[in-house]
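Visitor: Coordinates in model37.txt, compact mmCIF, C-alpha atoms, are listed below.
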# COMPACT_ATOMS: atom_id res chain seq x y z
CA MET A 1 -0.08 -3.77 -39.49
CA SER A 2 -0.39 -2.19 -36.04
CA ARG A 3 -2.66 0.84 -35.82
CA PHE A 4 0.33 2.68 -34.28
CA GLU A 5 2.95 1.78 -36.87
CA LYS A 6 2.82 5.20 -38.49
CA SER A 7 1.77 7.19 -35.43
CA PRO A 8 3.98 8.71 -32.72
CA THR A 9 4.27 7.68 -29.10
CA THR A 10 1.89 9.88 -27.11
CA ILE A 11 3.36 11.32 -23.92
CA PHE A 12 0.77 12.48 -21.40
CA LEU A 13 2.43 15.15 -19.27
CA HIS A 14 0.40 14.60 -16.11
CA ILE A 15 0.33 17.68 -13.89
CA PRO A 16 -0.95 16.71 -10.41
CA LYS A 17 -4.52 17.76 -9.54
CA THR A 18 -5.63 18.47 -13.10
CA ALA A 19 -7.99 15.45 -13.38
CA GLY A 20 -5.09 13.18 -14.29
CA THR A 21 -6.39 10.16 -12.39
CA THR A 22 -9.68 10.27 -14.26
CA MET A 23 -7.80 10.74 -17.52
CA THR A 24 -5.59 7.74 -16.74
CA ALA A 25 -8.59 5.45 -16.50
CA ILE A 26 -9.78 6.68 -19.90
CA CYS A 27 -6.36 6.40 -21.52
CA ARG A 28 -5.82 2.93 -20.13
CA LYS A 29 -8.82 1.64 -22.09
CA GLN A 30 -7.29 2.70 -25.41
CA TYR A 31 -4.10 0.63 -25.27
CA SER A 32 -2.90 -2.89 -24.55
CA ASN A 33 -0.73 -3.69 -21.54
CA ASP A 34 2.43 -3.52 -23.65
CA GLU A 35 1.44 -0.25 -25.33
CA PHE A 36 0.47 1.62 -22.15
CA CYS A 37 3.14 2.58 -19.61
CA PHE A 38 2.83 4.46 -16.32
CA VAL A 39 6.06 5.57 -14.63
CA GLY A 40 6.71 7.23 -11.29
CA GLY A 41 9.39 9.54 -12.69
CA PRO A 42 11.87 10.14 -15.51
CA ALA A 43 14.53 7.94 -13.92
CA ALA A 44 12.39 4.86 -14.50
CA VAL A 45 12.35 5.40 -18.27
CA LYS A 46 16.14 5.47 -18.41
CA GLU A 47 16.15 1.89 -17.15
CA PHE A 48 13.94 0.58 -19.97
CA SER A 49 15.45 -1.49 -22.74
CA ALA A 50 15.28 -0.27 -26.33
CA GLU A 51 12.73 -3.00 -27.03
CA ARG A 52 10.52 -1.82 -24.14
CA LYS A 53 10.70 1.80 -25.25
CA GLY A 54 9.82 0.80 -28.78
CA ALA A 55 6.65 -0.97 -27.61
CA ILE A 56 5.28 2.02 -25.69
CA ARG A 57 2.53 3.90 -27.51
CA PHE A 58 1.22 5.89 -24.54
CA LEU A 59 3.40 7.08 -21.66
CA GLN A 60 2.08 8.66 -18.50
CA GLY A 61 3.63 9.54 -15.19
CA SER A 62 5.17 12.19 -12.99
CA TYR A 63 7.78 13.99 -15.09
CA TRP A 64 8.26 17.18 -17.07
CA PHE A 65 8.83 18.21 -20.68
CA GLY A 66 11.95 16.62 -22.15
CA ILE A 67 11.32 12.96 -21.42
CA HIS A 68 10.85 12.42 -25.17
CA GLU A 69 14.64 12.51 -25.46
CA GLU A 70 14.65 8.97 -24.08
CA PHE A 71 12.79 7.71 -27.16
CA SER A 72 14.09 7.27 -30.68
CA ARG A 73 10.68 7.03 -32.35
CA PRO A 74 8.39 9.99 -33.20
CA TYR A 75 6.48 11.48 -30.27
CA THR A 76 3.81 13.97 -29.35
CA TYR A 77 2.71 15.40 -26.01
CA VAL A 78 -0.75 15.98 -24.56
CA CYS A 79 -1.69 17.64 -21.26
CA LEU A 80 -4.34 19.40 -19.21
CA LEU A 81 -3.76 22.63 -17.31
CA ARG A 82 -5.88 23.99 -14.48
CA ASP A 83 -6.54 27.36 -12.90
CA PRO A 84 -3.58 27.62 -10.48
CA LEU A 85 -5.62 28.85 -7.54
CA LYS A 86 -7.88 25.79 -7.65
CA ARG A 87 -4.98 23.46 -8.39
CA VAL A 88 -2.78 24.61 -5.50
CA ILE A 89 -5.64 24.47 -3.01
CA SER A 90 -6.60 21.01 -4.23
CA LEU A 91 -3.00 19.78 -4.05
CA TYR A 92 -2.54 21.25 -0.58
CA LYS A 93 -5.67 19.61 0.81
CA TYR A 94 -5.10 16.32 -0.98
CA THR A 95 -1.56 15.81 0.27
CA ARG A 96 -2.64 16.55 3.85
CA GLN A 97 -4.76 13.38 3.61
CA GLN A 98 -2.00 11.17 2.19
CA PRO A 99 0.76 10.20 4.69
CA GLU A 100 2.61 8.33 1.93
CA HIS A 101 2.88 11.43 -0.28
CA ASN A 102 6.24 13.20 -0.34
CA MET A 103 4.54 16.56 0.32
CA TYR A 104 2.70 15.32 3.41
CA PRO A 105 5.32 16.35 6.01
CA VAL A 106 5.19 19.91 4.69
CA THR A 107 1.47 20.38 4.12
CA ILE A 108 0.30 18.65 7.31
CA ASN A 109 2.53 20.85 9.47
CA ASN A 110 2.23 24.21 7.71
CA THR A 111 -0.43 26.58 6.54
CA ILE A 112 -0.27 27.83 2.98
CA SER A 113 1.13 31.13 4.25
CA GLU A 114 3.88 29.32 6.14
CA ILE A 115 4.76 27.17 3.14
CA TYR A 116 5.31 30.23 0.96
CA ARG A 117 7.13 32.14 3.68
CA LYS A 118 9.54 29.23 4.13
CA GLY A 119 9.83 28.49 0.40
CA ARG A 120 8.84 24.83 0.73
CA HIS A 121 7.98 22.60 -2.24
CA LYS A 122 8.67 25.31 -4.80
CA GLU A 123 8.33 22.86 -7.68
CA ALA A 124 4.69 22.05 -6.94
CA LEU A 125 3.43 25.37 -5.59
CA ASP A 126 5.57 28.01 -7.32
CA ASN A 127 4.34 28.11 -10.95
CA GLY A 128 4.48 24.33 -11.00
CA GLN A 129 2.67 24.00 -14.33
CA THR A 130 5.01 26.41 -16.10
CA ARG A 131 7.96 24.58 -14.58
CA ARG A 132 6.78 21.22 -15.96
CA VAL A 133 5.75 22.41 -19.41
CA SER A 134 8.91 24.48 -19.93
CA GLY A 135 11.01 21.51 -18.84
CA ILE A 136 12.92 23.46 -16.21
CA TRP A 137 11.13 21.90 -13.19
CA ASP A 138 13.42 22.31 -10.16
CA ARG A 139 16.45 23.77 -11.93
CA VAL A 140 15.58 27.34 -10.98
CA PRO A 141 15.30 28.63 -7.40
CA TYR A 142 12.15 29.47 -5.50
CA GLY A 143 10.55 32.47 -7.20
CA GLY A 144 12.84 32.02 -10.19
CA VAL A 145 10.28 31.37 -12.95
CA THR A 146 10.70 34.18 -15.46
CA GLU A 147 8.96 35.49 -18.55
CA GLU A 148 11.58 33.67 -20.62
CA LEU A 149 10.58 30.34 -19.08
CA PHE A 150 6.92 31.20 -19.56
CA GLU A 151 7.56 31.89 -23.25
CA GLN A 152 9.40 28.57 -23.51
CA ALA A 153 6.39 26.82 -22.00
CA LYS A 154 4.08 28.54 -24.51
CA HIS A 155 6.38 27.55 -27.36
CA ASN A 156 6.36 23.92 -26.20
CA LEU A 157 2.57 23.86 -26.03
CA GLU A 158 2.27 25.29 -29.54
CA THR A 159 4.88 23.12 -31.23
CA GLN A 160 5.22 19.87 -29.28
CA PHE A 161 1.69 19.16 -28.02
CA SER A 162 -0.97 17.75 -30.32
CA VAL A 163 -3.70 18.33 -27.71
CA VAL A 164 -3.71 20.97 -24.96
CA GLY A 165 -6.76 20.98 -22.71
CA THR A 166 -7.97 22.33 -19.40
CA THR A 167 -9.52 20.69 -16.38
CA GLU A 168 -12.38 23.18 -16.45
CA ARG A 169 -13.26 22.07 -20.01
CA PHE A 170 -12.60 18.39 -19.42
CA ASP A 171 -15.29 16.99 -21.73
CA GLU A 172 -14.21 19.21 -24.62
CA THR A 173 -10.59 18.21 -24.08
CA LEU A 174 -11.56 14.56 -24.02
CA LEU A 175 -13.51 14.81 -27.25
CA VAL A 176 -10.61 16.55 -29.00
CA LEU A 177 -8.32 13.75 -27.79
CA LYS A 178 -10.75 11.17 -29.16
CA LYS A 179 -10.80 12.80 -32.57
CA GLN A 180 -7.08 13.55 -32.68
CA LEU A 181 -5.84 10.15 -31.46
CA ALA A 182 -8.66 7.98 -32.86
CA TRP A 183 -9.69 6.78 -29.41
CA LYS A 184 -12.75 4.58 -28.93
CA ASN A 185 -14.61 4.44 -25.61
CA ILE A 186 -14.07 7.67 -23.65
CA TYR A 187 -16.95 7.42 -21.17
CA TYR A 188 -15.72 8.01 -17.65
CA HIS A 189 -16.35 8.29 -13.93
CA ARG A 190 -14.63 10.98 -11.84
CA HIS A 191 -11.71 9.64 -9.78
CA ASN A 192 -9.57 11.00 -6.95
CA THR A 193 -11.70 14.06 -6.30
CA GLY A 194 -10.23 14.72 -2.87
CA LYS A 195 -12.81 13.84 -0.24
CA SER A 196 -12.56 16.06 2.79
CA ASN A 197 -11.65 14.95 6.30
CA LYS A 198 -10.83 16.67 9.57
CA VAL A 199 -7.44 18.00 8.43
CA ASP A 200 -8.78 20.21 5.64
CA THR A 201 -12.07 21.56 6.91
CA ALA A 202 -10.63 25.02 7.58
CA PRO A 203 -11.39 27.37 4.67
CA ILE A 204 -8.60 29.00 2.68
CA SER A 205 -8.55 32.69 3.55
CA ASP A 206 -8.63 35.49 1.00
CA ALA A 207 -5.10 36.44 2.06
CA GLU A 208 -3.90 32.91 1.34
CA LYS A 209 -5.63 32.93 -2.04
CA ASP A 210 -3.89 36.19 -2.88
CA LEU A 211 -0.59 34.62 -1.86
CA ILE A 212 -1.17 31.62 -4.11
CA LEU A 213 -1.93 33.87 -7.08
CA GLU A 214 1.10 36.02 -6.31
CA HIS A 215 3.36 32.96 -6.56
CA ASN A 216 1.62 31.51 -9.61
CA GLN A 217 1.23 34.45 -11.99
CA TRP A 218 2.93 32.63 -14.87
CA ASP A 219 0.73 29.59 -14.32
CA LYS A 220 -2.31 31.86 -14.54
CA LYS A 221 -1.13 33.18 -17.90
CA LEU A 222 -0.24 29.70 -19.14
CA HIS A 223 -3.67 28.37 -18.18
CA GLN A 224 -5.29 31.20 -20.14
CA PHE A 225 -3.07 30.38 -23.12
CA ALA A 226 -4.02 26.70 -22.91
CA ASP A 227 -7.69 27.64 -22.84
CA GLN A 228 -7.25 29.60 -26.06
CA LEU A 229 -5.42 26.69 -27.72
CA LEU A 230 -8.34 24.44 -26.80
CA THR A 231 -10.82 26.95 -28.21
CA ASN A 232 -8.84 27.00 -31.47
CA ALA A 233 -8.77 23.20 -31.62
CA VAL A 234 -12.52 22.92 -31.06
CA ALA A 235 -13.20 25.51 -33.79
CA GLN A 236 -11.37 23.36 -36.35
CA TYR A 237 -14.08 20.70 -36.07
CA GLY A 238 -16.89 23.11 -36.92
CA PRO A 239 -20.51 23.14 -35.66
CA LYS A 240 -20.70 19.34 -35.46
CA PHE A 241 -18.38 19.42 -32.45
CA ASP A 242 -21.14 20.87 -30.26
CA GLN A 243 -23.50 18.10 -31.38
CA ASP A 244 -20.90 15.44 -30.65
CA LEU A 245 -20.21 17.00 -27.25
CA ALA A 246 -23.89 17.02 -26.27
CA SER A 247 -24.26 13.41 -27.40
CA PHE A 248 -21.20 12.33 -25.44
CA ARG A 249 -22.35 14.06 -22.26
CA GLU A 250 -25.77 12.46 -22.47
CA GLY A 251 -24.25 9.02 -23.01
CA ASN A 252 -21.89 9.53 -20.09
CA ARG A 253 -24.78 10.64 -17.86
CA LEU A 254 -26.75 7.48 -18.64
CA ARG A 255 -23.75 5.31 -17.75
CA ARG A 256 -23.09 7.03 -14.42
CA PRO A 257 -24.91 4.47 -12.19
CA LEU A 258 -22.86 1.63 -13.70
CA PHE A 259 -19.61 3.55 -13.23
CA TYR A 260 -20.51 4.22 -9.61
CA PHE A 261 -21.10 0.56 -8.81
CA TYR A 262 -17.92 -0.57 -10.56
CA TRP A 263 -15.52 2.00 -9.13
CA GLU A 264 -17.03 2.82 -5.74
CA VAL A 265 -18.19 -0.66 -4.74
CA PHE A 266 -16.52 -3.41 -6.75
CA ARG A 267 -13.07 -1.94 -7.52
CA LYS A 268 -12.33 0.29 -4.54
CA VAL A 269 -10.96 -2.35 -2.19
CA SER A 270 -9.07 -4.33 -4.84
CA VAL A 271 -7.43 -1.25 -6.39
CA ARG A 272 -6.24 0.08 -3.05
CA ALA A 273 -4.84 -3.32 -2.08
CA MET A 274 -3.07 -3.64 -5.43
CA ALA A 275 -1.57 -0.14 -5.17
CA ARG A 276 -0.32 -0.88 -1.66
CA GLU A 277 1.38 -4.06 -2.84
CA LEU A 278 3.00 -2.30 -5.80
CA ARG A 279 4.36 0.47 -3.57
CA GLU A 280 5.78 -2.09 -1.14
CA GLU A 281 7.50 -3.85 -4.02
CA GLY A 282 8.90 -0.54 -5.24
CA ARG A 283 7.19 -0.85 -8.62
CA ILE A 284 5.29 2.45 -8.33
CA THR A 285 5.89 5.66 -6.38
CA TRP A 286 3.80 8.64 -5.48
CA PRO A 287 3.93 11.54 -7.97
CA LEU A 288 6.62 14.12 -7.34
Would you write the structure of this file as structure tokens?
Guide:
Amino acid sequence: MSRFEKSPTTIFLHIPKTAGTTMTAICRKQYSNDEFCFVGGPAAVKEFSAERKGAIRFLQGSYWFGIHEEFSRPYTYVCLLRDPLKRVISLYKYTRQQPEHNMYPVTINNTISEIYRKGRHKEALDNGQTRRVSGIWDRVPYGGVTEELFEQAKHNLETQFSVVGTTERFDETLLVLKKQLAWKNIYYHRHNTGKSNKVDTAPISDAEKDLILEHNQWDKKLHQFADQLLTNAVAQYGPKFDQDLASFREGNRLRRPLFYFYWEVFRKVSVRAMARELREEGRITWPL
């Protein structure tokens, strides 16, 4: 009997710049090639056969709440949320370094103030986390995220997500995932941390930070709500959780030199070459 026969398909709702790349590497170790599936968007899932959908035990990609409707088997969601100020700044700087990214033409040619003044890329920068978790995504206009949509996002997190974590409490989130989903090896090395180059050396001004927060007030509230859900989840495991967390962090620290060699020396060239080939073949796309 498969270890997943009685368990639901886990859908990782990956919100860009919330440590999703690092999480992907961890998730990938838990499942076989047939069980793990990464998709560039919701349209790709619609093309899967019933047999392919039935084999998937862990789905990850760039989409929003509601993709479970494409599956007939039981499901559960997991996700990480991040402080919106840090997330928007990280996303802005990251996309300015990636000519292949669909946000590049906007971010490379506009300051943050100009982007908000022109209403560009509302989905990513205008309460983008609330948009994804509520399932509304781009179906409301710029500035159109309301308290009703925020409450829908909260409801989804409470009722449809088995694990809700935060980027700021990554290790705690990871340990809850391990316990909840019966994962094995969760040791990791940080990926895709956004190395700086000449296009993003200018600091973000206080006025720009205020502008980001002004346009992401619901994301701020949703991040706070997610943090409380994580606190509640940790409390359920009692005092032993802190011991397990300390043990995990120490073990991860001791493995850091090996991770560095593997990912920064051995795998870097091959992974980039593979990703380039897959994009050229149209088999993967950049996140929305």
Visitor: Could you check which of A:Arg131, A:Arg256, A:Lys178, A:Lys220 is closest to A:Leu13, using only C-alpha atoms?
Guide: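 Checking each candidate against A:Leu13, we get A:Arg131 as the closest.
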Visitor: Could you write out as JSON the box around stretch 18-26 of chain A (axis-aligned, all atoms listed in the file, 5 Å on each side), with centre and edge lengths in Å to one decimal?
Guide:
{"center_x": -7.4, "center_y": 12.0, "center_z": -16.1, "size_x": 14.7, "size_y": 23.0, "size_z": 17.5}
Visitor: Write out as a PDB file with C-alpha atoms, in the frame of the given file each polymer residue whose atoms come within 10 Å of A:Phe71, counting all atoms listed in the file; drop sequence neighbours fewer than 4 positions from it.
Guide:
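Output file out_9.pdb is given in full below:
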ATOM      1  CA  THR A   9       4.270   7.680 -29.100  1.00  0.00           C
ATOM      2  CA  VAL A  45      12.350   5.400 -18.270  1.00  0.00           C
ATOM      3  CA  LYS A  46      16.140   5.470 -18.410  1.00  0.00           C
ATOM      4  CA  ALA A  50      15.280  -0.270 -26.330  1.00  0.00           C
ATOM      5  CA  LYS A  53      10.700   1.800 -25.250  1.00  0.00           C
ATOM      6  CA  GLY A  54       9.820   0.800 -28.780  1.00  0.00           C
ATOM      7  CA  ILE A  56       5.280   2.020 -25.690  1.00  0.00           C
ATOM      8  CA  ILE A  67      11.320  12.960 -21.420  1.00  0.00           C
ATOM      9  CA  TYR A  75       6.480  11.480 -30.270  1.00  0.00           C
TER      10      TYR A  75
END
Visitor: Sorted by chain and rising residue number, which residues of stretch 54-126 of chain A lie within 10 Å of stretch 158-171 of chain A, and what are their closest atom pairs and distances in Å to one decimal, counting all atoms listed in the file, as a tab-separated table?
Guide:
residue	atom	partner	partner_atom	distance
A:Phe65	CA	A:Gln160	CA	9.5
A:Tyr75	CA	A:Gln160	CA	8.5
A:Thr76	CA	A:Phe161	CA	5.8
A:Tyr77	CA	A:Phe161	CA	4.4
A:Val78	CA	A:Val163	CA	4.9
A:Cys79	CA	A:Val164	CA	5.4
A:Leu80	CA	A:Gly165	CA	4.5
A:Leu81	CA	A:Thr166	CA	4.7
A:Arg82	CA	A:Thr167	CA	5.3
A:Asp83	CA	A:Glu168	CA	8.0
A:Arg87	CA	A:Thr167	CA	9.6
Visitor: For A:Ser7, which of A:Gln243, A:Gln180, A:Asn127, A:Asn232 is the closest residue, counting only C-alpha atoms?
Guide: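 Looking at the shortest contact to A:Ser7, the residue is A:Gln180.
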